[in-house]
$ cat query_12.cif   # mmCIF, C-alpha atoms
data_my_file
loop_
_atom_site.label_atom_id
_atom_site.label_comp_id
_atom_site.auth_asym_id
_atom_site.auth_seq_id
_atom_site.Cartn_x
_atom_site.Cartn_y
_atom_site.Cartn_z
CA MET A 110 -20.03 -3.36 29.84
CA PHE A 111 -20.52 -2.16 26.28
CA TYR A 112 -17.17 -0.33 26.23
CA GLU A 113 -15.41 -3.26 27.93
CA ILE A 114 -16.66 -5.71 25.31
CA VAL A 115 -15.71 -3.37 22.45
CA ARG A 116 -12.16 -3.18 23.80
CA ALA A 117 -11.76 -6.88 24.64
CA ALA A 118 -13.12 -7.94 21.24
CA TYR A 119 -10.85 -5.54 19.34
CA LEU A 120 -7.74 -6.71 21.19
CA GLY A 121 -8.72 -10.38 21.14
CA GLU A 122 -8.62 -10.70 24.91
CA SER A 123 -10.60 -12.87 27.31
CA TYR A 124 -13.79 -11.44 28.78
CA ARG A 125 -15.55 -12.63 31.92
CA LEU A 126 -19.34 -12.54 32.09
CA GLY A 127 -20.50 -13.85 35.46
CA SER A 128 -18.93 -17.27 35.89
CA MET A 129 -18.22 -17.69 32.16
CA VAL A 130 -14.99 -16.70 30.41
CA PHE A 131 -14.91 -16.03 26.66
CA ASN A 132 -11.57 -16.16 24.86
CA LEU A 133 -12.22 -13.68 22.07
CA SER A 134 -10.41 -13.49 18.75
CA PRO A 135 -9.67 -10.00 17.38
CA HIS A 136 -12.99 -8.62 16.19
CA ILE A 137 -14.40 -5.19 15.32
CA VAL A 138 -17.75 -4.78 17.02
CA ARG A 139 -20.95 -3.65 15.32
CA PRO A 140 -23.45 -1.85 17.59
CA PHE A 141 -26.19 -3.89 15.92
CA ASP A 142 -24.69 -7.06 17.46
CA PHE A 143 -25.90 -6.10 20.94
CA SER A 144 -29.57 -5.97 20.05
CA ARG A 145 -29.95 -9.08 17.93
CA ARG A 146 -30.01 -12.80 18.51
CA THR A 147 -26.90 -14.52 17.15
CA LYS A 148 -25.84 -18.08 16.62
CA SER A 149 -22.83 -19.05 18.68
CA ALA A 150 -20.46 -19.52 15.76
CA ASP A 151 -17.43 -18.38 17.79
CA GLU A 152 -16.52 -17.07 21.21
CA TYR A 153 -17.71 -13.57 20.34
CA GLY A 154 -21.07 -14.90 19.15
CA ARG A 155 -21.33 -17.02 22.29
CA LEU A 156 -20.65 -13.95 24.45
CA ILE A 157 -23.29 -11.89 22.66
CA SER A 158 -25.89 -14.67 22.95
CA ASN A 159 -25.29 -14.88 26.71
CA LEU A 160 -25.86 -11.20 27.40
CA ASN A 161 -28.65 -10.42 29.84
CA LYS A 162 -32.04 -9.61 28.30
CA ARG A 163 -32.18 -6.33 30.22
CA PHE A 164 -28.83 -5.39 28.68
CA ARG A 165 -30.16 -6.18 25.20
CA ASP A 166 -33.29 -4.12 25.79
CA ALA A 167 -31.17 -1.21 27.00
CA ALA A 168 -28.98 -1.52 23.92
CA ARG A 169 -32.00 -1.32 21.61
CA SER A 170 -33.29 1.83 23.27
CA ASP A 171 -30.11 3.64 24.34
CA MET A 172 -27.37 2.75 21.84
CA TYR A 173 -28.05 5.43 19.23
CA ARG A 174 -29.51 8.35 21.20
CA ARG A 175 -28.07 11.54 19.74
CA SER A 176 -26.52 13.08 22.85
CA THR A 177 -26.99 10.58 25.68
CA GLY A 178 -26.69 7.23 23.89
CA TRP A 179 -23.90 4.77 24.52
CA ILE A 180 -22.14 5.67 21.27
CA ALA A 181 -22.46 9.44 21.71
CA LEU A 182 -21.35 9.25 25.34
CA GLY A 183 -18.42 6.96 24.51
CA GLU A 184 -17.21 9.29 21.77
CA ARG A 185 -17.55 12.33 24.00
CA GLU A 186 -15.57 10.65 26.79
CA ALA A 187 -12.91 9.39 24.33
CA LYS A 188 -13.64 5.72 24.99
CA ILE A 189 -14.66 4.74 21.46
CA ARG A 190 -14.91 6.04 17.91
CA THR A 191 -17.08 4.86 15.05
CA VAL A 192 -15.96 3.80 11.57
CA GLU A 193 -17.79 2.69 8.43
CA ILE A 194 -16.77 -0.77 7.18
CA ASN A 195 -18.60 -2.17 4.18
CA ASP A 196 -21.27 0.50 4.69
CA GLU A 197 -21.94 -0.71 8.24
CA LEU A 198 -21.28 1.17 11.47
CA HIS A 199 -18.56 -0.38 13.61
CA VAL A 200 -17.08 0.67 16.96
CA VAL A 201 -13.38 0.79 17.79
CA PRO A 202 -11.91 1.39 21.26
CA ILE A 203 -9.67 4.44 21.66
CA LEU A 204 -6.29 3.16 22.79
CA SER A 205 -4.24 6.36 22.41
CA CYS A 206 -5.91 9.74 22.75
CA ASP A 207 -3.07 11.73 21.16
CA ARG A 208 -3.62 12.61 17.51
CA VAL A 209 -0.48 12.43 15.34
CA VAL A 210 0.66 12.99 11.76
CA ALA A 211 2.94 10.45 10.07
CA ILE A 212 4.97 11.12 6.92
CA ASP A 213 6.61 8.31 4.95
CA THR A 214 7.63 7.48 1.39
CA SER A 215 7.85 4.50 -0.92
CA THR A 216 10.11 4.27 -3.97
CA ILE A 217 8.69 3.04 -7.27
CA ASP A 218 11.19 1.47 -9.71
CA HIS A 219 14.06 3.65 -8.40
CA ASN A 220 12.90 6.69 -10.42
CA MET A 221 9.58 7.59 -8.83
CA MET A 222 8.67 8.35 -5.21
CA LEU A 223 5.32 8.11 -3.49
CA LEU A 224 4.96 10.47 -0.53
CA GLY A 225 2.25 9.90 2.04
CA ILE A 226 1.09 12.29 4.76
CA PHE A 227 -1.39 10.66 7.15
CA ASN A 228 -3.54 12.21 9.88
CA ILE A 229 -3.83 9.43 12.45
CA PRO A 230 -6.40 9.81 15.27
CA ASP A 231 -5.33 6.72 17.26
CA TYR A 232 -1.99 5.22 16.27
CA GLN A 233 -2.15 2.47 18.92
CA ALA A 234 -5.46 1.12 17.59
CA ALA A 235 -3.97 1.17 14.07
CA TYR A 236 -0.86 -0.66 15.28
CA GLU A 237 -2.97 -3.29 17.06
CA TYR A 238 -4.99 -3.82 13.88
CA LEU A 239 -1.78 -4.63 11.98
CA GLU A 240 -0.53 -6.89 14.75
CA ARG A 241 -3.62 -8.67 16.00
CA HIS A 242 -6.16 -8.53 13.16
CA LEU A 243 -3.86 -8.86 10.14
CA THR A 244 -1.15 -10.72 12.13
CA LEU A 245 1.64 -9.08 10.15
CA PRO A 246 5.17 -10.15 11.04
CA ARG A 247 7.80 -7.67 12.17
CA THR A 248 11.36 -7.49 10.88
CA HIS A 249 13.74 -9.78 12.75
CA ASN A 250 16.29 -7.12 13.72
CA ARG A 251 14.50 -3.98 14.87
CA LYS A 252 11.10 -5.59 15.35
CA GLU A 253 9.12 -3.15 13.22
CA PHE A 254 6.42 -3.39 10.58
CA HIS A 255 7.90 -2.75 7.15
CA TRP A 256 6.07 -3.18 3.83
CA SER A 257 9.23 -4.10 1.90
CA LYS A 258 9.82 -7.03 4.29
CA LEU A 259 6.35 -8.55 3.90
CA ASN A 260 5.93 -11.60 1.69
CA GLN A 261 3.29 -11.68 -1.04
CA GLU A 262 0.74 -13.44 1.17
CA ASN A 263 0.91 -10.76 3.86
CA ARG A 264 0.85 -7.94 1.31
CA GLN A 265 -2.26 -9.45 -0.23
CA LYS A 266 -3.85 -9.64 3.22
CA VAL A 267 -3.27 -5.91 3.67
CA LEU A 268 -4.64 -5.10 0.22
CA GLU A 269 -7.77 -7.19 0.76
CA ASN A 270 -8.44 -5.23 3.97
CA PHE A 271 -7.27 -1.88 2.60
CA ARG A 272 -10.53 0.02 3.13
CA THR A 273 -10.83 -1.21 6.71
CA LEU A 274 -7.18 -0.36 7.38
CA MET A 275 -7.81 3.17 6.11
CA GLN A 276 -10.84 3.61 8.37
CA ILE A 277 -8.98 2.31 11.41
CA SER A 278 -5.67 4.08 10.78
CA CYS A 279 -6.37 7.59 9.55
CA ASP A 280 -9.11 10.12 8.98
CA SER A 281 -7.36 12.11 6.22
CA LEU A 282 -4.38 11.74 3.93
CA ILE A 283 -2.52 13.33 1.05
CA THR A 284 -0.29 11.25 -1.20
CA ILE A 285 1.94 12.58 -4.00
CA ARG A 286 3.57 10.49 -6.73
CA THR A 287 6.53 12.24 -8.36
CA ASP A 288 10.04 11.88 -9.75
CA ALA A 289 10.89 15.48 -8.80
CA LEU A 290 12.55 14.30 -5.58
CA ILE A 291 14.65 11.70 -7.41
CA SER A 292 17.83 13.36 -8.71
CA PRO A 293 16.26 16.76 -7.95
CA LEU A 294 16.86 19.78 -10.18
CA GLY A 295 17.60 22.45 -7.59
CA LYS A 296 17.19 22.69 -3.84
CA VAL A 297 15.16 19.86 -2.35
CA GLU A 298 13.59 22.30 0.12
CA ASN A 299 12.15 24.41 -2.71
CA ILE A 300 10.92 21.36 -4.61
CA PHE A 301 9.15 19.95 -1.55
CA THR A 302 7.57 23.35 -0.86
CA ASN A 303 6.23 23.50 -4.43
CA LEU A 304 4.89 19.95 -4.20
CA ILE A 305 2.79 20.91 -1.19
CA ASP A 306 1.67 24.24 -2.70
CA GLY A 307 0.72 22.55 -5.98
CA CYS A 308 -1.87 20.39 -4.24
CA PHE A 309 -3.87 23.45 -3.18
CA SER A 310 -3.18 26.16 -5.80
CA GLY A 311 -4.59 26.58 -9.29
CA TYR A 312 -7.97 25.50 -10.68
CA GLU A 313 -9.49 28.53 -8.95
CA THR A 314 -12.55 28.60 -11.22
CA THR A 315 -13.46 24.91 -11.07
CA GLU A 316 -12.10 23.68 -7.74
CA GLY A 317 -10.93 26.75 -5.83
CA LYS A 318 -13.49 26.51 -3.03
CA PHE A 319 -12.99 22.78 -2.56
CA ARG A 320 -9.21 23.10 -2.43
CA ASN A 321 -9.50 25.82 0.21
CA VAL A 322 -11.81 23.66 2.32
CA LEU A 323 -9.51 20.65 1.99
CA ARG A 324 -6.45 22.68 3.00
CA GLN A 325 -8.25 24.15 6.01
CA HIS A 326 -9.50 20.70 7.00
CA LEU A 327 -5.99 19.24 6.91
CA TYR A 328 -4.60 22.26 8.74
CA ILE A 329 -7.02 21.78 11.63
CA LEU A 330 -5.85 18.16 11.92
CA THR A 331 -2.14 19.01 11.58
CA ASN A 332 -1.23 22.29 13.28
CA LYS A 333 0.20 21.86 16.81
CA VAL A 334 -0.06 18.08 16.34
CA PRO A 335 3.02 15.81 16.84
CA ILE A 336 4.53 14.89 13.47
CA HIS A 337 6.52 11.68 12.94
CA CYS A 338 8.62 11.59 9.77
CA ASP A 339 10.98 8.98 8.36
CA ALA A 340 14.37 10.14 7.04
CA ASP A 341 13.61 9.50 3.34
CA PHE A 342 14.27 12.91 1.80
CA GLY A 343 18.02 12.99 1.25
CA THR A 344 19.46 16.32 2.33
CA LEU A 345 16.06 17.46 3.62
CA LYS A 346 15.85 16.49 7.29
CA PRO A 347 12.63 15.16 8.85
CA LEU A 348 12.29 18.31 10.98
CA GLN A 349 12.44 20.45 7.82
CA VAL A 350 9.84 18.27 6.10
CA ALA A 351 7.43 18.62 9.02
CA THR A 352 8.02 22.36 9.32
CA ILE A 353 7.58 23.08 5.61
CA TYR A 354 4.39 21.03 5.41
CA VAL A 355 2.68 22.76 8.34
CA LYS A 356 3.75 26.25 7.27
CA ARG A 357 2.68 25.81 3.64
CA LEU A 358 -0.59 24.24 4.72
CA GLY A 359 -1.26 27.14 7.09
CA THR A 360 -0.35 29.99 4.73
CA GLY A 361 -2.84 32.80 5.37
CA LEU A 362 -4.77 30.80 8.00
CA GLN A 363 -5.27 31.32 11.71
CA PRO A 364 -4.00 30.39 14.23
CA ASP A 365 -0.41 30.79 13.06
CA PRO A 366 1.41 27.60 12.05
CA MET A 367 3.10 25.85 14.94
CA PRO A 368 4.90 22.69 13.74
CA THR A 369 5.45 20.02 16.41
CA PHE A 370 8.07 17.43 15.51
CA VAL A 371 8.78 14.07 17.18
CA ASN A 372 12.39 13.02 16.64
CA LEU A 373 12.04 9.23 16.45
CA LYS A 374 13.36 6.71 13.93
CA SER A 375 11.01 4.26 12.28
CA HIS A 376 11.68 1.36 14.66
CA GLU A 377 10.97 3.71 17.58
CA SER A 378 7.77 5.18 16.13
CA LYS A 379 4.54 3.23 15.79
CA PRO A 380 2.95 6.01 13.67
CA ILE A 381 5.78 5.76 11.10
CA GLN A 382 5.33 1.98 10.96
CA VAL A 383 1.60 2.38 10.36
CA ALA A 384 2.35 4.94 7.63
CA ASP A 385 4.90 2.56 6.06
CA ILE A 386 2.25 -0.15 5.62
CA LEU A 387 -0.30 2.37 4.34
CA ILE A 388 1.99 3.95 1.74
CA GLY A 389 3.20 0.51 0.63
CA ALA A 390 -0.38 -0.62 0.07
CA ILE A 391 -1.25 2.60 -1.78
CA ARG A 392 1.80 2.17 -4.01
CA SER A 393 0.69 -1.36 -4.92
CA ARG A 394 -2.84 -0.23 -5.78
CA LEU A 395 -1.56 2.61 -7.97
CA GLN A 396 0.99 0.39 -9.70
CA GLU A 397 -1.61 -2.24 -10.50
CA ASN A 398 -3.88 0.43 -12.03
CA THR A 399 -6.79 -1.12 -10.13
CA ASP A 400 -9.71 0.80 -8.70
CA GLN A 401 -8.16 3.68 -6.76
CA ALA A 402 -11.09 3.97 -4.37
CA PRO A 403 -11.33 5.21 -1.73
CA LEU A 404 -8.54 7.55 -2.93
CA ASN A 405 -9.61 10.57 -4.97
CA VAL A 406 -7.55 12.39 -7.59
CA LEU A 407 -6.29 15.77 -6.41
CA LYS A 408 -5.44 17.89 -9.45
CA PHE A 409 -1.90 19.22 -9.19
CA ASP A 410 -0.97 22.76 -10.25
CA LYS A 411 1.73 21.98 -12.82
CA ARG A 412 2.97 25.56 -12.74
CA LYS A 413 4.64 24.67 -9.46
CA ILE A 414 7.08 22.28 -11.16
CA LYS A 415 7.69 24.17 -14.41
CA SER A 416 11.37 24.50 -13.46
CA GLN A 417 11.63 20.72 -13.12
CA LYS A 418 11.98 19.89 -16.80
CA GLY A 419 10.59 16.45 -17.65
CA LYS A 420 9.39 15.77 -14.10
CA THR A 421 5.82 14.64 -13.35
CA VAL A 422 3.48 14.85 -10.38
CA SER A 423 0.12 13.28 -9.55
CA ALA A 424 -1.67 13.64 -6.23
CA TYR A 425 -4.50 11.95 -4.34
CA TYR A 426 -6.45 12.62 -1.17
CA TRP A 427 -8.88 10.88 1.16
CA THR A 428 -10.94 12.01 4.14
CA ARG A 429 -13.03 9.74 6.35
CA ASN A 430 -15.73 12.34 6.89
CA LYS A 431 -17.45 14.54 4.37
CA LEU A 432 -15.78 17.94 4.37
CA ALA A 433 -17.61 20.80 5.99
CA SER A 434 -18.55 23.91 4.10
CA GLU A 435 -15.93 26.63 3.81
CA SER A 436 -17.69 28.96 6.25
CA ARG A 437 -18.16 26.17 8.78
CA GLN A 438 -14.49 25.23 8.38
CA ALA A 439 -13.50 28.84 9.04
CA ARG A 440 -15.56 28.84 12.26
CA ALA A 441 -13.76 25.68 13.38
CA LEU A 442 -10.43 27.41 12.80
CA SER A 443 -11.61 30.40 14.82
CA LEU A 444 -12.55 28.13 17.72
CA LEU A 445 -9.11 26.51 17.58
CA GLU A 446 -7.48 29.91 17.72
CA THR A 447 -9.34 30.94 20.86
CA SER A 448 -8.96 27.60 22.66
#
$ encode --input "query_12.cif" --output "structure tokens"
Amino acid sequence: MFYEIVRAAYLGESYRLGSMVFNLSPHIVRPFDFSRRTKSADEYGRLISNLNKRFRDAARSDMYRRSTGWIALGEREAKIRTVEINDELHVVPILSCDRVVAIDTSTIDHNMMLLGIFNIPDYQAAYEYLERHLTLPRTHNRKEFHWSKLNQENRQKVLENFRTLMQISCDSLITIRTDALISPLGKVENIFTNLIDGCFSGYETTEGKFRNVLRQHLYILTNKVPIHCDADFGTLKPLQVATIYVKRLGTGLQPDPMPTFVNLKSHESKPIQVADILIGAIRSRLQENTDQAPLNVLKFDKRKIKSQKGKTVSAYYWTRNKLASESRQARALSLLETS
């Protein structure tokens, strides 16, 4: 019943409890809701207040058990995952079990590009959040979510819910702001390679260990994972973008890089549409020079673009979970290799 309610609430579906039917609006469930008394402010509150006392008592005692609790069991069986929203634990149903990577760009004032690479654990849940929770409109022709087609009201809605959108949509990301890909000086393939390398090289004395851990973390989430990429890189094809990223990320790591590319256009790919909204929102936040949180600055090794006279690069990263230690990360890689 717990997992059924989590799913029905998230999707805004009707839920039957005995002879009663509750027409739920899209809602992200908090585990705490099941063990407290609530006022029936809406259909969700009315549903919670009508739950059987035995169910409530079971929720109080069994919800949070480390290995056998409802949350732990649901995560282990790929029914739910937990996210932190406003410092509170929330539960989201898993709607697509296949992890993906989505790569998209956004142009800033025709002379600067923002590149986003997103590790998405459940693209269907992210898509449903855009559709049902934020009620974003799709384009009239190809019926896809596209940041550039949103009016100011809908963009503001996304920005106001940016942290929640990040938690729902991805568990890690890298974003690079640069003009090196606009009127490039040299081969685009080499420039893109250096942009990826520059996020993880240099600063050996001050940030070397952290950068290694971050690269290994992203590699675990990316290697052998389907990659969706929009055709935004001029002469550099989406397949090349995906291949370069995985191979540069996996340099010197085990198992060997194995890029997996999904050849879909944006209107055919829900992950690309999710990435389009994310990178559009990130662009707006960076342009407005507002608080960049939860993004963190990732120092870029400027030696990697020394041949690009006058070009600039800045990079940012975000991970939903605190990164493991380097030795623990290495053990995780070893387990992946033998699995």
$ resolve_selection --input "query_12.cif" --expression "the PyMOL selection byres ((chain A and resi 201-211) around 6)" --output "list in words"
Arg116, Lys188, Ile189, Arg190, Val200, Ile212, Ile226, Phe227, Asn228, Ile229, Pro230, Asp231, Gln233, Ala234, Val334, Pro335, Ile336, His337, Cys338, Pro380 and Ile381 of chain A
$ closest_residue --input "query_12.cif" --among "A:Tyr112, A:Glu152, A:Arg272, A:Phe370" --to "Trp427 in chain A" --atoms "all atoms listed in the file"
A:Arg272
$ residues_around --input "query_12.cif" --residues "Asp385 in chain A" --least-positions-apart "6" --cutoff "10 Å" --atoms "only C-alpha atoms" --output "PyMOL selection string"
chain A and resi 211-215+225+254-257+339+375+379+391
$ resolve_selection --input "query_12.cif" --expression "the PyMOL selection byres ((chain A and resi 130) around 12)" --output "list in words"
Ala117, Glu122, Ser123, Tyr124, Arg125, Leu126, Gly127, Ser128, Met129, Phe131, Asn132, Leu133, Glu152, Tyr153, Arg155, Leu156 and Asn159 of chain A
$ write_last_selection --input "query_12.cif" --atoms "C-alpha atoms" --output "PDB file, in the coordinates of the input"
ATOM      1  CA  ALA A 117     -11.760  -6.880  24.640  1.00  0.00           C
ATOM      2  CA  GLU A 122      -8.620 -10.700  24.910  1.00  0.00           C
ATOM      3  CA  SER A 123     -10.600 -12.870  27.310  1.00  0.00           C
ATOM      4  CA  TYR A 124     -13.790 -11.440  28.780  1.00  0.00           C
ATOM      5  CA  ARG A 125     -15.550 -12.630  31.920  1.00  0.00           C
ATOM      6  CA  LEU A 126     -19.340 -12.540  32.090  1.00  0.00           C
ATOM      7  CA  GLY A 127     -20.500 -13.850  35.460  1.00  0.00           C
ATOM      8  CA  SER A 128     -18.930 -17.270  35.890  1.00  0.00           C
ATOM      9  CA  MET A 129     -18.220 -17.690  32.160  1.00  0.00           C
ATOM     10  CA  PHE A 131     -14.910 -16.030  26.660  1.00  0.00           C
ATOM     11  CA  ASN A 132     -11.570 -16.160  24.860  1.00  0.00           C
ATOM     12  CA  LEU A 133     -12.220 -13.680  22.070  1.00  0.00           C
ATOM     13  CA  GLU A 152     -16.520 -17.070  21.210  1.00  0.00           C
ATOM     14  CA  TYR A 153     -17.710 -13.570  20.340  1.00  0.00           C
ATOM     15  CA  ARG A 155     -21.330 -17.020  22.290  1.00  0.00           C
ATOM     16  CA  LEU A 156     -20.650 -13.950  24.450  1.00  0.00           C
ATOM     17  CA  ASN A 159     -25.290 -14.880  26.710  1.00  0.00           C
TER      18      ASN A 159
END
$ closest_residue --input "query_12.cif" --among "A:Ala150, A:Ala289, A:Leu120, A:Ile414" --to "Leu243 in chain A" --atoms "all atoms listed in the file"
A:Leu120
$ resolve_selection --input "query_12.cif" --expression "the PyMOL selection byres ((chain A and resi 347) around 10)" --output "list in words"
Ile212, Asp213, Ile336, His337, Cys338, Asp339, Ala340, Asp341, Phe342, Gly343, Thr344, Leu345, Lys346, Leu348, Gln349, Val350, Ala351, Thr352, Ile353, Phe370, Val371, Asn372, Leu373 and Lys374 of chain A
$ closest_residue --input "query_12.cif" --among "A:Ile157, A:Thr302, A:Ile386, A:Lys296" --to "Tyr238 in chain A" --atoms "only C-alpha atoms"
A:Ile386
$ closest_residue --input "query_12.cif" --among "A:Asn195, A:Phe319, A:Ser158, A:Pro140" --to "Tyr173 in chain A" --atoms "all atoms listed in the file"
A:Pro140
$ atom_distance --input "query_12.cif" --atom1 "CA of Leu268 in chain A" --atom2 "CA of Leu387 in chain A"
9.6 Å
$ atom_distance --input "query_12.cif" --atom1 "CA of Asn332 in chain A" --atom2 "CA of Lys431 in chain A"
20.1 Å
$ atom_distance --input "query_12.cif" --atom1 "CA of Tyr119 in chain A" --atom2 "CA of Lys258 in chain A"
25.6 Å
$ residues_around --input "query_12.cif" --residues "Asn161 in chain A" --least-positions-apart "5" --cutoff "12 Å" --atoms "only C-alpha atoms" --output "ChimeraX atom specification"
/A:110,126-127,143-144,146,156,166-168
$ residues_near_point --input "query_12.cif" --point "(-5.7, 4.1, 11.5)" --cutoff "6 Å" --atoms "all atoms listed in the file" --output "ChimeraX atom specification"
/A:229,235,275,277-279
$ residues_near_point --input "query_12.cif" --point "(-1.9, -8.6, 8.0)" --cutoff "10 Å" --atoms "all atoms listed in the file" --output "JSON, numbers by chain"
{"A": [238, 239, 240, 241, 242, 243, 244, 245, 246, 259, 262, 263, 264, 265, 266, 267, 268, 269, 270, 274, 386]}
$ write_last_selection --input "query_12.cif" --atoms "C-alpha atoms" --output "short mmCIF file (atom, residue, chain, number, x, y, z; two decimals), keeping the file's coordinate frame"
data_model
loop_
_atom_site.label_atom_id
_atom_site.label_comp_id
_atom_site.auth_asym_id
_atom_site.auth_seq_id
_atom_site.Cartn_x
_atom_site.Cartn_y
_atom_site.Cartn_z
CA TYR A 238 -4.99 -3.82 13.88
CA LEU A 239 -1.78 -4.63 11.98
CA GLU A 240 -0.53 -6.89 14.75
CA ARG A 241 -3.62 -8.67 16.00
CA HIS A 242 -6.16 -8.53 13.16
CA LEU A 243 -3.86 -8.86 10.14
CA THR A 244 -1.15 -10.72 12.13
CA LEU A 245 1.64 -9.08 10.15
CA PRO A 246 5.17 -10.15 11.04
CA LEU A 259 6.35 -8.55 3.90
CA GLU A 262 0.74 -13.44 1.17
CA ASN A 263 0.91 -10.76 3.86
CA ARG A 264 0.85 -7.94 1.31
CA GLN A 265 -2.26 -9.45 -0.23
CA LYS A 266 -3.85 -9.64 3.22
CA VAL A 267 -3.27 -5.91 3.67
CA LEU A 268 -4.64 -5.10 0.22
CA GLU A 269 -7.77 -7.19 0.76
CA ASN A 270 -8.44 -5.23 3.97
CA LEU A 274 -7.18 -0.36 7.38
CA ILE A 386 2.25 -0.15 5.62
#
$ residues_around --input "query_12.cif" --residues "Arg392 in chain A" --least-positions-apart "2" --cutoff "8 Å" --atoms "all atoms listed in the file" --output "list in words"
Ser215, Ile217, Leu223, Ile388, Gly389, Ala390, Arg394, Leu395 and Gln396 of chain A
$ closest_residue --input "query_12.cif" --among "A:Arg286, A:His136, A:Lys252, A:Arg169" --to "Gly154 in chain A" --atoms "only C-alpha atoms"
A:His136
$ closest_residue --input "query_12.cif" --among "A:Thr177, A:Thr314, A:Gln276, A:Glu397" --to "Thr428 in chain A" --atoms "all atoms listed in the file"
A:Gln276
$ residues_around --input "query_12.cif" --residues "Gly359 in chain A" --least-positions-apart "2" --cutoff "10 Å" --atoms "all atoms listed in the file" --output "ChimeraX atom specification"
/A:324-325,327-329,331-332,353-357,361-367
$ build_atoms --input "query_12.cif" --residues "range 251-267 of chain A" --atoms "N, CA and C atoms" --output "mmCIF file, keeping the file's coordinate frame"
data_model
loop_
_atom_site.group_PDB
_atom_site.id
_atom_site.type_symbol
_atom_site.label_atom_id
_atom_site.label_comp_id
_atom_site.auth_asym_id
_atom_site.auth_seq_id
_atom_site.Cartn_x
_atom_site.Cartn_y
_atom_site.Cartn_z
ATOM 1 N N ARG A 251 15.003 -5.089 14.073
ATOM 2 C CA ARG A 251 14.500 -3.980 14.870
ATOM 3 C C ARG A 251 13.039 -4.166 15.290
ATOM 4 N N LYS A 252 12.466 -5.283 14.915
ATOM 5 C CA LYS A 252 11.100 -5.590 15.350
ATOM 6 C C LYS A 252 10.111 -4.496 14.974
ATOM 7 N N GLU A 253 10.052 -4.181 13.695
ATOM 8 C CA GLU A 253 9.120 -3.150 13.220
ATOM 9 C C GLU A 253 8.345 -3.665 12.020
ATOM 10 N N PHE A 254 7.177 -3.078 11.779
ATOM 11 C CA PHE A 254 6.420 -3.390 10.580
ATOM 12 C C PHE A 254 7.034 -2.636 9.404
ATOM 13 N N HIS A 255 7.273 -3.366 8.324
ATOM 14 C CA HIS A 255 7.900 -2.750 7.150
ATOM 15 C C HIS A 255 7.352 -3.423 5.906
ATOM 16 N N TRP A 256 6.698 -2.623 5.027
ATOM 17 C CA TRP A 256 6.070 -3.180 3.830
ATOM 18 C C TRP A 256 7.053 -3.963 2.975
ATOM 19 N N SER A 257 8.254 -3.457 2.788
ATOM 20 C CA SER A 257 9.230 -4.100 1.900
ATOM 21 C C SER A 257 9.650 -5.478 2.417
ATOM 22 N N LYS A 258 9.433 -5.747 3.704
ATOM 23 C CA LYS A 258 9.820 -7.030 4.290
ATOM 24 C C LYS A 258 8.673 -8.041 4.302
ATOM 25 N N LEU A 259 7.483 -7.630 3.903
ATOM 26 C CA LEU A 259 6.350 -8.550 3.900
ATOM 27 C C LEU A 259 6.390 -9.445 2.675
ATOM 28 N N ASN A 260 6.027 -10.715 2.847
ATOM 29 C CA ASN A 260 5.930 -11.600 1.690
ATOM 30 C C ASN A 260 4.626 -11.319 0.942
ATOM 31 N N GLN A 261 4.438 -11.961 -0.189
ATOM 32 C CA GLN A 261 3.290 -11.680 -1.040
ATOM 33 C C GLN A 261 1.972 -12.000 -0.337
ATOM 34 N N GLU A 262 1.971 -13.050 0.464
ATOM 35 C CA GLU A 262 0.740 -13.440 1.170
ATOM 36 C C GLU A 262 0.305 -12.346 2.139
ATOM 37 N N ASN A 263 1.255 -11.798 2.897
ATOM 38 C CA ASN A 263 0.910 -10.760 3.860
ATOM 39 C C ASN A 263 0.556 -9.447 3.171
ATOM 40 N N ARG A 264 1.220 -9.145 2.061
ATOM 41 C CA ARG A 264 0.850 -7.940 1.310
ATOM 42 C C ARG A 264 -0.575 -8.064 0.781
ATOM 43 N N GLN A 265 -0.918 -9.242 0.294
ATOM 44 C CA GLN A 265 -2.260 -9.450 -0.230
ATOM 45 C C GLN A 265 -3.300 -9.321 0.877
ATOM 46 N N LYS A 266 -2.948 -9.760 2.076
ATOM 47 C CA LYS A 266 -3.850 -9.640 3.220
ATOM 48 C C LYS A 266 -4.139 -8.167 3.515
ATOM 49 N N VAL A 267 -3.088 -7.346 3.447
ATOM 50 C CA VAL A 267 -3.270 -5.910 3.670
ATOM 51 C C VAL A 267 -4.154 -5.313 2.590
#
